[in-house]
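As structure tokens, the structure follows; a few thoughts come after it.
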Amino acid sequence: MVPVQVISLLGLASLGGTVMILIGQRRDGRWSSATIDIGRIALITPLVAPLAYPVLSLAFQSGELPFDGPGLVVSALGVFNTVWLARTAHELARPATMPATRPAAMPAAMPVAETATRPVTGRGPRLSVAVALMLPLVVVCAEEGARLSFTGADEGCRERIRPYADTRPQDRWRAFLCLARDETSSGKPMFPEDLSDQRVLAYGKELCAVPGVEGRQELLRRAGGSAGTAELGDALEFLCPGVVARQRADEARDQAERERELAAWEAEMNARCADPWPKLRARRQGTAAYLLFEGGGYTVFDDRDSTEGAGGDIVKAIDDGFIDAAGSSAAITTYGENEPMCLTVKAFGAAPPLRLKGWDRVVEVGVVSRSGRLVVPPYPEGGDSGVIKPLPNLAVDGPGRYRMRVYARPFEWDEDDPDAPVEEHLIIVYPGRSAKRIVYRPCSSPATAGPPARREVSCRR
């Protein structure tokens, strides 16, 4: 089947050819004015017929005619083209210098030479060209809507995407559409599903022109889409690799700067904490700053024990006033919250001396290590609480029962150094089968940790 566009182009080419013939006839002088006028009518008739057909249909609405009235009238108009072709062929043999037939009313004394050739003016040809070009615009109506495509992302397109350098130039926009149509980490497509491919590509080019990550995210939100910075960058790489490369370089530089600042801060915080028993060496030991979250408190537990059952409960520890131990974990309360404290851990092969002097609370409990591990949780990236430097595993004899002795004391709060640790804990672990709870020092003096407005009694009763 021949496409409609091809037929339209052929029709315009035919009209253009007719216009050029009429211009030639006008300038040549061998064709009479009547022939040229008939040719003009033959040129305009196919363009006017589609507009005249509805009017003729109204005129022949009676329905009593045994034939198609409008079709017969439109077909009859085609006789002008036949007459024009016949007259054109007939007058073609006339010499170019031969005068046209003298009209009967022309005076005999008038020189024939004056009518031998028709003066050539530019108005006629220009008018014919203008009519020929304008009438198709009148007849051909504007398209109601743009021809848009919605390819969508098939299930396997993401697996077929290769790195930008290995993707052919003609396939890069397809790779962008695949990623733009696919689901992001939010579970939704990067762009709304009712946007055509052309609009998605247009938005992609706009995003490439917007400076900065925040500006691109704002434009994406206005378009009704959403995606993480990395996801959007992966898609835009196929449209503007240079822009994405600069963005990633900036992100890598910012990330490296943040890591340097974090490392410096962690080193400073750890440097504020010291071993309270420096002369008593243990089989395993370590000292670090521990960051407390809302409510305070922390745990020591077997991080590889998946046994179901109750463990140390921070709520019960709060009710107790200091510590709750059960199974393979112990929960310990703290004086403060949302601030750093110093924590030292020491693992011995046997019970060390008590050394109660200078400590506010000292309690010993029994715990179990089923996997051979007893640890303090590390501070996770973006997390809430944990130790900011790895501390050793305290189960020195592997799986079994252990005694855990916890020491705690507050520091005097320094209003000139609000980032300084406000309390210190010492955890002693050694093998022991007893599960008995022993309170060596339940409380002593009021706590001095934190600002004066938040000081509380060190031991809860």
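Following the order of the structure tokens, first chain is A, next is B, and so on, with residues numbered from 1 inside each chain and ligands from 1 in the order they appear.
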Which neighbours of Tyr164 of chain A fall inside 10 Å, counting only C-alpha atoms, when residues of the same chain fewer than 2 positions from it are skipped, and could you give them as a list in words?
->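 Neighbouring residues, sequence-local ones excluded: Ile161, Arg162, Asp166, Thr167, Arg168, Pro169, Asp171, Arg172, Ala175, Asp234, Glu237, Phe238, Leu239 and Pro241 of chain A.
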Suppose we keep C-alpha atoms; can you now write the selection as a PDB file, in the first residue's frame?
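Heads up, here's the output in selection11.pdb:
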```pdb
ATOM      1  CA  ILE A 161      22.664  -2.041  27.877  1.00  0.00           C
ATOM      2  CA  ARG A 162      26.418  -1.818  27.584  1.00  0.00           C
ATOM      3  CA  ASP A 166      30.768   0.289  23.945  1.00  0.00           C
ATOM      4  CA  THR A 167      27.369   1.583  22.777  1.00  0.00           C
ATOM      5  CA  ARG A 168      26.960   2.654  19.151  1.00  0.00           C
ATOM      6  CA  PRO A 169      26.003   6.316  18.683  1.00  0.00           C
ATOM      7  CA  ASP A 171      21.780   3.165  19.995  1.00  0.00           C
ATOM      8  CA  ARG A 172      22.544   5.611  22.807  1.00  0.00           C
ATOM      9  CA  ALA A 175      19.658   3.087  26.034  1.00  0.00           C
ATOM     10  CA  ASP A 234      23.438   6.630  34.568  1.00  0.00           C
ATOM     11  CA  GLU A 237      25.326   9.517  30.398  1.00  0.00           C
ATOM     12  CA  PHE A 238      23.966   8.267  27.060  1.00  0.00           C
ATOM     13  CA  LEU A 239      22.806  11.795  26.097  1.00  0.00           C
ATOM     14  CA  PRO A 241      28.466  11.982  28.789  1.00  0.00           C
TER      15      PRO A 241
END
```
Which residues come within 9 Å of Ala435 of chain A, counting only C-alpha atoms, excluding same-chain residues fewer than 6 positions away, as a PyMOL selection string?
-> chain A and resi 365-367+401-403
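Taking atom CA of Thr287 of chain A and atom CA of Thr344 of chain A as endpoints, the distance between them is 4.3 Å.
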Tell me which protein, DNA and RNA residues are within 12 Å of Pro380 of chain A, counting only C-alpha atoms, leaving out same-chain ones fewer than 3 positions away, and put them as a PyMOL selection string.
-> chain A and resi 290-291+377+383-390
Skipping near chain neighbours, those fewer than 4 positions away, what residues fall within 8 Å of segment 244-259 of chain A using only C-alpha atoms, listed as JSON, numbers by chain?
-> {"A": [212, 213, 233, 236, 237, 240, 263]}
